[in-house]
file target30.cif (mmCIF, C-alpha atoms and all ligand atoms)
data_model
#
loop_
_atom_site.group_PDB
_atom_site.id
_atom_site.type_symbol
_atom_site.label_atom_id
_atom_site.label_comp_id
_atom_site.auth_asym_id
_atom_site.auth_seq_id
_atom_site.Cartn_x
_atom_site.Cartn_y
_atom_site.Cartn_z
ATOM 1 C CA MET Y 20 131.232 126.632 101.706
ATOM 2 C CA LYS Y 21 130.805 123.346 103.489
ATOM 3 C CA GLN Y 22 127.278 122.004 103.204
ATOM 4 C CA ARG Y 23 125.377 120.876 106.291
ATOM 5 C CA GLY Y 24 123.936 117.376 106.315
ATOM 6 C CA ILE Y 25 120.205 116.777 106.070
ATOM 7 C CA THR Y 26 118.461 113.396 106.195
ATOM 8 C CA ILE Y 27 115.265 112.861 104.228
ATOM 9 C CA LEU Y 28 113.487 110.057 106.048
ATOM 10 C CA LEU Y 29 110.838 108.020 104.246
ATOM 11 C CA PRO Y 30 108.890 105.472 106.314
ATOM 12 C CA THR Y 31 107.671 102.585 104.174
ATOM 13 C CA LEU Y 32 105.455 99.560 104.394
ATOM 14 C CA ASP Y 33 104.774 98.092 100.962
ATOM 15 C CA GLU Y 34 105.282 101.406 99.218
ATOM 16 C CA ALA Y 35 106.868 100.138 95.986
ATOM 17 C CA ARG Y 36 104.350 102.063 93.921
ATOM 18 C CA GLY Y 37 104.905 105.407 95.654
ATOM 19 C CA LEU Y 38 108.577 105.351 96.579
ATOM 20 C CA ARG Y 39 110.092 105.897 93.140
ATOM 21 C CA ASN Y 40 107.767 108.800 92.483
ATOM 22 C CA VAL Y 41 108.702 110.450 95.789
ATOM 23 C CA VAL Y 42 112.473 109.928 95.515
ATOM 24 C CA GLU Y 43 112.677 111.080 91.915
ATOM 25 C CA ARG Y 44 110.823 114.297 92.735
ATOM 26 C CA ILE Y 45 113.185 115.359 95.559
ATOM 27 C CA PRO Y 46 114.663 118.745 94.495
ATOM 28 C CA PHE Y 47 118.310 117.992 95.355
ATOM 29 C CA LYS Y 48 119.644 121.100 93.615
ATOM 30 C CA ASP Y 49 117.284 123.480 95.371
ATOM 31 C CA ILE Y 50 118.050 121.834 98.710
ATOM 32 C CA ALA Y 51 121.775 122.187 97.979
ATOM 33 C CA SER Y 52 121.297 125.893 97.195
ATOM 34 C CA GLU Y 53 119.865 126.286 100.681
ATOM 35 C CA GLY Y 54 123.184 124.928 102.007
ATOM 36 C CA TRP Y 55 122.272 121.299 102.629
ATOM 37 C CA ASP Y 56 123.818 118.035 101.555
ATOM 38 C CA THR Y 57 121.034 115.460 101.249
ATOM 39 C CA ARG Y 58 120.893 111.793 101.970
ATOM 40 C CA ILE Y 59 117.807 109.660 101.744
ATOM 41 C CA VAL Y 60 116.993 107.089 104.366
ATOM 42 C CA VAL Y 61 114.168 104.597 104.031
ATOM 43 C CA VAL Y 62 112.946 102.990 107.244
ATOM 44 C CA ASP Y 63 110.979 99.908 106.413
ATOM 45 C CA GLY Y 64 108.440 98.044 108.521
ATOM 46 C CA GLY Y 65 108.685 94.702 106.719
ATOM 47 C CA SER Y 66 107.650 95.276 103.102
ATOM 48 C CA THR Y 67 107.126 92.254 100.896
ATOM 49 C CA ASP Y 68 106.340 94.069 97.649
ATOM 50 C CA GLY Y 69 109.869 94.933 96.516
ATOM 51 C CA THR Y 70 110.104 98.267 98.370
ATOM 52 C CA ILE Y 71 113.522 97.386 99.849
ATOM 53 C CA GLU Y 72 115.005 96.348 96.505
ATOM 54 C CA LEU Y 73 113.639 99.528 94.931
ATOM 55 C CA ALA Y 74 115.049 101.657 97.759
ATOM 56 C CA ALA Y 75 118.483 100.115 97.138
ATOM 57 C CA GLU Y 76 118.177 100.761 93.400
ATOM 58 C CA LEU Y 77 117.338 104.396 94.160
ATOM 59 C CA ASN Y 78 120.496 104.685 96.308
ATOM 60 C CA CYS Y 79 118.636 105.154 99.570
ATOM 61 C CA GLU Y 80 120.135 104.050 102.845
ATOM 62 C CA ILE Y 81 117.898 101.376 104.313
ATOM 63 C CA ILE Y 82 116.949 100.737 107.916
ATOM 64 C CA ARG Y 83 114.966 97.564 108.447
ATOM 65 C CA GLN Y 84 113.169 98.064 111.726
ATOM 66 C CA HIS Y 85 113.910 95.263 114.096
ATOM 67 C CA SER Y 86 111.537 96.099 116.953
ATOM 68 C CA GLY Y 87 108.420 95.005 115.025
ATOM 69 C CA SER Y 88 106.231 96.847 112.570
ATOM 70 C CA GLY Y 89 104.552 100.224 113.102
ATOM 71 C CA LYS Y 90 105.364 103.692 111.789
ATOM 72 C CA GLY Y 91 106.136 104.887 115.340
ATOM 73 C CA ARG Y 92 108.636 102.137 115.982
ATOM 74 C CA GLY Y 93 110.248 102.779 112.615
ATOM 75 C CA LEU Y 94 110.610 106.515 113.113
ATOM 76 C CA ARG Y 95 112.035 106.054 116.606
ATOM 77 C CA GLU Y 96 114.668 103.638 115.342
ATOM 78 C CA ALA Y 97 115.508 106.036 112.536
ATOM 79 C CA PHE Y 98 115.744 108.991 114.941
ATOM 80 C CA SER Y 99 118.244 107.189 117.148
ATOM 81 C CA ILE Y 100 120.358 106.261 114.127
ATOM 82 C CA PHE Y 101 120.119 109.895 112.966
ATOM 83 C CA MET Y 102 121.508 111.037 116.319
ATOM 84 C CA ASN Y 103 124.612 108.922 115.633
ATOM 85 C CA SER Y 104 125.183 110.784 112.367
ATOM 86 C CA ASN Y 105 126.483 114.318 111.971
ATOM 87 C CA ASP Y 106 123.401 115.582 110.159
ATOM 88 C CA LEU Y 107 121.865 118.775 111.492
ATOM 89 C CA ALA Y 108 118.273 118.387 110.310
ATOM 90 C CA LEU Y 109 115.788 115.751 109.276
ATOM 91 C CA VAL Y 110 112.872 115.911 106.861
ATOM 92 C CA MET Y 111 110.238 113.241 107.191
ATOM 93 C CA MET Y 112 107.472 112.549 104.738
ATOM 94 C CA ASP Y 113 105.325 109.616 103.704
ATOM 95 C CA ALA Y 114 106.548 107.574 100.762
ATOM 96 C CA ASP Y 115 103.122 107.406 99.139
ATOM 97 C CA GLY Y 116 103.025 110.541 96.974
ATOM 98 C CA THR Y 117 100.611 112.429 99.257
ATOM 99 C CA TYR Y 118 103.144 115.105 100.222
ATOM 100 C CA ARG Y 119 105.021 116.981 97.511
ATOM 101 C CA PRO Y 120 108.811 116.585 97.601
ATOM 102 C CA GLU Y 121 108.995 119.904 95.694
ATOM 103 C CA GLU Y 122 107.725 121.599 98.864
ATOM 104 C CA ILE Y 123 110.667 120.392 100.984
ATOM 105 C CA THR Y 124 112.497 123.587 100.040
ATOM 106 C CA THR Y 125 109.725 125.779 101.457
ATOM 107 C CA LEU Y 126 109.896 123.957 104.773
ATOM 108 C CA ILE Y 127 113.674 123.914 105.097
ATOM 109 C CA LYS Y 128 113.866 127.668 104.448
ATOM 110 C CA LYS Y 129 111.826 128.139 107.624
ATOM 111 C CA ILE Y 130 113.970 125.811 109.765
ATOM 112 C CA ASP Y 131 116.848 128.183 109.081
ATOM 113 C CA GLU Y 132 114.996 131.078 110.666
ATOM 114 C CA ASP Y 133 116.166 132.070 114.126
ATOM 115 C CA ASP Y 134 115.173 129.774 116.956
ATOM 116 C CA VAL Y 135 112.870 127.558 114.902
ATOM 117 C CA ASP Y 136 113.152 123.910 115.970
ATOM 118 C CA ILE Y 137 110.384 122.285 113.971
ATOM 119 C CA VAL Y 138 108.530 123.122 110.767
ATOM 120 C CA ILE Y 139 105.391 121.220 109.927
ATOM 121 C CA GLY Y 140 103.540 121.160 106.645
ATOM 122 C CA SER Y 141 99.886 121.996 107.321
ATOM 123 C CA ARG Y 142 97.326 120.432 105.029
ATOM 124 C CA MET Y 143 94.536 122.167 106.897
ATOM 125 C CA LYS Y 144 95.949 125.590 105.986
ATOM 126 C CA GLY Y 145 96.957 124.385 102.539
ATOM 127 C CA TRP Y 146 95.305 122.547 99.687
ATOM 128 C CA ILE Y 147 93.771 119.082 99.948
ATOM 129 C CA GLU Y 148 93.163 117.419 96.607
ATOM 130 C CA SER Y 149 89.675 116.048 96.178
ATOM 131 C CA GLY Y 150 89.620 112.422 97.352
ATOM 132 C CA ALA Y 151 92.953 112.691 99.211
ATOM 133 C CA MET Y 152 91.425 112.805 102.706
ATOM 134 C CA SER Y 153 88.093 111.262 103.658
ATOM 135 C CA ARG Y 154 85.518 113.475 105.360
ATOM 136 C CA ARG Y 155 85.886 111.279 108.441
ATOM 137 C CA ASN Y 156 89.640 111.804 108.583
ATOM 138 C CA TRP Y 157 89.219 115.543 107.990
ATOM 139 C CA ILE Y 158 86.779 115.890 110.880
ATOM 140 C CA GLY Y 159 88.834 113.522 113.054
ATOM 141 C CA ASN Y 160 92.025 115.459 112.428
ATOM 142 C CA HIS Y 161 90.292 118.742 113.323
ATOM 143 C CA MET Y 162 88.974 117.276 116.575
ATOM 144 C CA LEU Y 163 92.319 115.709 117.516
ATOM 145 C CA THR Y 164 94.170 118.924 116.679
ATOM 146 C CA TRP Y 165 91.763 120.945 118.796
ATOM 147 C CA LEU Y 166 92.152 118.489 121.703
ATOM 148 C CA ALA Y 167 95.940 118.563 121.455
ATOM 149 C CA VAL Y 168 96.158 122.366 121.378
ATOM 150 C CA PHE Y 169 93.647 122.642 124.230
ATOM 151 C CA LEU Y 170 95.674 120.251 126.407
ATOM 152 C CA HIS Y 171 99.220 121.224 125.458
ATOM 153 C CA GLY Y 172 98.804 124.908 124.650
ATOM 154 C CA THR Y 173 101.093 125.130 121.623
ATOM 155 C CA TYR Y 174 99.276 126.122 118.451
ATOM 156 C CA VAL Y 175 99.276 123.885 115.373
ATOM 157 C CA SER Y 176 96.575 123.465 112.754
ATOM 158 C CA ASP Y 177 97.329 119.901 111.595
ATOM 159 C CA LEU Y 178 98.264 117.426 114.320
ATOM 160 C CA CYS Y 179 98.399 114.375 112.096
ATOM 161 C CA THR Y 180 100.489 115.730 109.251
ATOM 162 C CA GLY Y 181 103.305 113.424 108.186
ATOM 163 C CA PHE Y 182 105.458 116.205 106.663
ATOM 164 C CA TRP Y 183 107.930 117.582 109.201
ATOM 165 C CA VAL Y 184 111.346 119.187 109.315
ATOM 166 C CA LEU Y 185 113.132 118.763 112.638
ATOM 167 C CA SER Y 186 116.368 120.268 113.870
ATOM 168 C CA ARG Y 187 118.872 117.989 115.541
ATOM 169 C CA ASN Y 188 118.084 119.773 118.788
ATOM 170 C CA ALA Y 189 114.384 118.876 118.449
ATOM 171 C CA ILE Y 190 115.080 115.186 117.855
ATOM 172 C CA GLU Y 191 117.487 115.077 120.752
ATOM 173 C CA LYS Y 192 114.909 116.551 123.132
ATOM 174 C CA MET Y 193 111.896 114.441 122.148
ATOM 175 C CA GLU Y 194 111.364 111.304 124.213
ATOM 176 C CA LEU Y 195 108.961 108.998 122.428
ATOM 177 C CA ASN Y 196 107.475 105.548 122.762
ATOM 178 C CA SER Y 197 104.744 105.377 120.080
ATOM 179 C CA ILE Y 198 104.283 102.215 118.106
ATOM 180 C CA GLY Y 199 102.064 103.288 115.253
ATOM 181 C CA PHE Y 200 100.321 106.279 113.731
ATOM 182 C CA GLU Y 201 100.107 108.127 117.072
ATOM 183 C CA ILE Y 202 103.796 109.054 116.676
ATOM 184 C CA GLU Y 203 103.171 112.509 115.163
ATOM 185 C CA ALA Y 204 100.811 113.391 118.018
ATOM 186 C CA GLU Y 205 103.463 112.298 120.494
ATOM 187 C CA MET Y 206 106.121 114.317 118.680
ATOM 188 C CA TYR Y 207 103.840 117.352 118.954
ATOM 189 C CA ALA Y 208 103.255 116.758 122.679
ATOM 190 C CA ALA Y 209 106.969 116.283 123.325
ATOM 191 C CA ALA Y 210 107.773 119.455 121.383
ATOM 192 C CA ALA Y 211 105.195 121.443 123.353
ATOM 193 C CA HIS Y 212 106.494 120.028 126.635
ATOM 194 C CA ASN Y 213 110.072 120.994 125.788
ATOM 195 C CA GLY Y 214 109.123 124.493 124.635
ATOM 196 C CA LEU Y 215 110.367 123.814 121.113
ATOM 197 C CA VAL Y 216 109.362 126.435 118.561
ATOM 198 C CA ILE Y 217 107.066 125.041 115.862
ATOM 199 C CA ARG Y 218 106.261 126.898 112.658
ATOM 200 C CA GLU Y 219 103.772 125.842 110.000
ATOM 201 C CA VAL Y 220 103.842 126.113 106.254
ATOM 202 C CA PRO Y 221 100.739 125.478 104.113
ATOM 203 C CA ILE Y 222 101.246 122.449 101.867
ATOM 204 C CA HIS Y 223 99.436 120.414 99.233
ATOM 205 C CA TYR Y 224 98.028 117.008 100.065
ATOM 206 C CA ASP Y 225 97.483 114.745 97.072
ATOM 207 C CA ARG Y 226 95.801 111.377 96.656
ATOM 208 C CA ARG Y 227 98.086 108.585 97.704
ATOM 209 C CA ILE Y 228 99.666 106.066 95.318
ATOM 210 C CA GLY Y 229 98.866 102.545 96.591
ATOM 211 C CA ASP Y 230 96.800 101.468 99.586
ATOM 212 C CA SER Y 231 96.483 103.248 102.934
ATOM 213 C CA LYS Y 232 97.507 101.449 106.133
ATOM 214 C CA LEU Y 233 95.700 103.765 108.506
ATOM 215 C CA GLY Y 234 92.460 102.338 109.940
ATOM 216 C CA SER Y 235 90.925 105.600 110.928
ATOM 217 C CA ILE Y 236 88.690 104.974 113.985
ATOM 218 C CA ALA Y 237 91.057 102.758 116.004
ATOM 219 C CA ASP Y 238 94.014 104.955 115.067
ATOM 220 C CA GLY Y 239 92.025 108.083 115.932
ATOM 221 C CA ILE Y 240 91.309 106.705 119.401
ATOM 222 C CA ARG Y 241 94.968 105.771 119.896
ATOM 223 C CA ILE Y 242 96.008 109.285 118.895
ATOM 224 C CA ALA Y 243 93.499 110.858 121.312
ATOM 225 C CA MET Y 244 94.676 108.594 124.152
ATOM 226 C CA LYS Y 245 98.294 109.487 123.454
ATOM 227 C CA VAL Y 246 97.547 113.223 123.467
ATOM 228 C CA ILE Y 247 95.675 112.911 126.771
ATOM 229 C CA ARG Y 248 98.238 110.625 128.439
ATOM 230 C CA ARG Y 249 101.141 112.851 127.448
ATOM 231 C CA ARG Y 250 99.395 115.829 129.057
ATOM 232 C CA PHE Y 251 99.575 114.135 132.453
ATOM 233 C CA VAL Y 252 102.580 111.814 132.039
ATOM 234 C CA ARG Y 253 105.083 114.102 130.381
ATOM 235 C CA LYS Y 254 107.652 111.454 129.585
ATOM 236 C CA PRO Y 255 106.981 108.000 128.182
ATOM 237 C CA ILE Y 256 107.267 105.305 130.818
ATOM 238 C CA SER Y 257 108.137 102.314 128.654
HETATM 239 N N1 LIG N 1 108.606 102.155 108.698
HETATM 240 C C1 LIG N 1 107.292 101.939 108.652
HETATM 241 N N2 LIG N 1 106.510 102.730 107.881
HETATM 242 C C2 LIG N 1 105.184 102.486 107.862
HETATM 243 C C3 LIG N 1 104.584 101.438 108.607
HETATM 244 N N3 LIG N 1 103.245 101.478 108.377
HETATM 245 C C4 LIG N 1 103.019 102.503 107.508
HETATM 246 N N4 LIG N 1 104.186 103.103 107.194
HETATM 247 C C5 LIG N 1 104.417 104.229 106.295
HETATM 248 O O1 LIG N 1 103.949 105.401 106.934
HETATM 249 C C6 LIG N 1 103.427 106.310 105.966
HETATM 250 C C7 LIG N 1 102.003 106.658 106.342
HETATM 251 O O2 LIG N 1 101.172 105.523 106.181
HETATM 252 P P1 LIG N 1 99.839 105.597 105.317
HETATM 253 O O3 LIG N 1 99.339 104.237 105.069
HETATM 254 O O4 LIG N 1 100.084 106.429 104.109
HETATM 255 O O5 LIG N 1 98.885 106.316 106.304
HETATM 256 P P2 LIG N 1 97.977 107.551 105.943
HETATM 257 O O6 LIG N 1 98.787 108.480 105.113
HETATM 258 O O7 LIG N 1 97.668 108.136 107.275
HETATM 259 O O8 LIG N 1 96.829 106.971 105.220
HETATM 260 C C8 LIG N 1 103.542 105.610 104.604
HETATM 261 O O9 LIG N 1 104.702 106.056 103.941
HETATM 262 C C9 LIG N 1 103.634 104.144 105.002
HETATM 263 O O10 LIG N 1 104.311 103.360 104.047
HETATM 264 C C10 LIG N 1 105.466 100.604 109.406
HETATM 265 O O11 LIG N 1 105.050 99.670 110.081
HETATM 266 N N5 LIG N 1 106.785 100.917 109.395
HETATM 267 MG MG MG N 2 99.729 108.504 103.524
#
call {"tool": "encode", "arguments": {"input": "target30.cif", "output": "structure tokens", "more": "lines below"}}
Ligand SMILES: Nc1nc2c(ncn2[C@@H]2O[C@H](COP(=O)(O)OP(=O)(O)O)[C@@H](O)[C@H]2O)c(=O)[nH]1
Ligand SMILES: [Mg+2]
result
Amino acid sequence: MKQRGITILLPTLDEARGLRNVVERIPFKDIASEGWDTRIVVVDGGSTDGTIELAAELNCEIIRQHSGSGKGRGLREAFSIFMNSNDLALVMMDADGTYRPEEITTLIKKIDEDDVDIVIGSRMKGWIESGAMSRRNWIGNHMLTWLAVFLHGTYVSDLCTGFWVLSRNAIEKMELNSIGFEIEAEMYAAAAHNGLVIREVPIHYDRRIGDSKLGSIADGIRIAMKVIRRRFVRKPIS
């Protein structure tokens, strides 16, 4: 039987310490048994620590973002390149060892269920390793998730998770303009607006390898503003 194409998208900014660990743990065989042919795409925001060279060594396709740095910009560039491919689904996860590549299989089983457009890995319903998420981020994520569900009406338990599986249909429908870490919140809002069906799977969240780039208070405010703005302005203007 002909396998369907799936892209595993890893956003990176100086992730040389985490990337090898993540790529080497991807369960290619299990993903293939689910009927998918995998390719790995790294979208890089301007690493200077050897991430790009390592990505090439690990046989990843590399997108160097050209619109400036920021996870949001990177994912948007990668999504538009994905739409030019024939792949039918996309997995995205951080390249820092916080999400478990072994759990990709659990998520992609769900995307194959009828009418499911998006599967997100929920850390809040799953297992957070001690020290993996600060108390401030835990509380902030709960508050932002509550705000998002209150305003947009579609239930999720973990707004800021970085572990998603998206159908081609979902990526095609989402109109986005985020620059940085507010991208997941915008993806949620766009999904809710388009009536896309989101399912959640409990996942593990481990301590990251290397240094975090998220500065929690300023990013938290940006995420809240994005969730509020997208309630009233349904499509991005710029
Ligand atoms: N493409 C791209 N990826 C980025 C950029 N900034 C951060 N990332 C990646 O986005 C993911 C999440 O960032 P991280 O620092 O782990 O944030 P945290 O998990 O919220 O603490 C990681 O894989 C980063 O390497 C960027 O400007 N461009
Ligand atoms: Mg991370």
call {"tool": "residues_near_ligand", "arguments": {"input": "target30.cif", "ligand": "ligand MG 2 (chain N)", "cutoff": "6 Å", "atoms": "all atoms listed in the file", "output": "list of chain:residue names"}}
result
Y:Asp113, Y:Asp115, Y:Thr117
call {"tool": "resolve_selection", "arguments": {"input": "target30.cif", "expression": "the PyMOL selection byres (((chain Y and resi 228) around 7) and not hetatm)", "output": "list in words"}}
result
Arg36, Gly37, Asp115, Gly116, Arg226, Arg227, Gly229 and Asp230 of chain Y
call {"tool": "resolve_selection", "arguments": {"input": "target30.cif", "expression": "the PyMOL selection byres (((not hetatm)) within 8 of (chain N and resi 1))", "output": "JSON, numbers by chain"}}
result
{"Y": [29, 30, 31, 32, 33, 34, 61, 62, 63, 64, 65, 83, 84, 87, 88, 89, 90, 91, 92, 93, 94, 112, 113, 114, 115, 117, 179, 181, 199, 200, 227, 230, 231, 232, 233, 234]}
call {"tool": "residues_near_point", "arguments": {"input": "target30.cif", "point": "(108.1, 110.6, 128.6)", "cutoff": "12 Å", "atoms": "all atoms listed in the file", "output": "list in words"}}
result
Lys192, Met193, Glu194, Leu195, Asn196, Ser197, Glu205, Met206, Ala208, Ala209, Ala210, His212, Asn213, Lys245, Arg248, Arg249, Arg250, Phe251, Val252, Arg253, Lys254, Pro255, Ile256 and Ser257 of chain Y
call {"tool": "resolve_selection", "arguments": {"input": "target30.cif", "expression": "the PyMOL selection byres (((chain Y and resi 160) around 10) and not hetatm)", "output": "VMD selection string"}}
result
chain Y and resid 143 154 to 159 161 to 166 176 to 180 239 242
call {"tool": "closest_residue", "arguments": {"input": "target30.cif", "among": "Y:Glu203, Y:Glu219, Y:Glu43, Y:Asp238", "to": "Pro120 of chain Y", "atoms": "all atoms listed in the file"}}
result
Y:Glu43
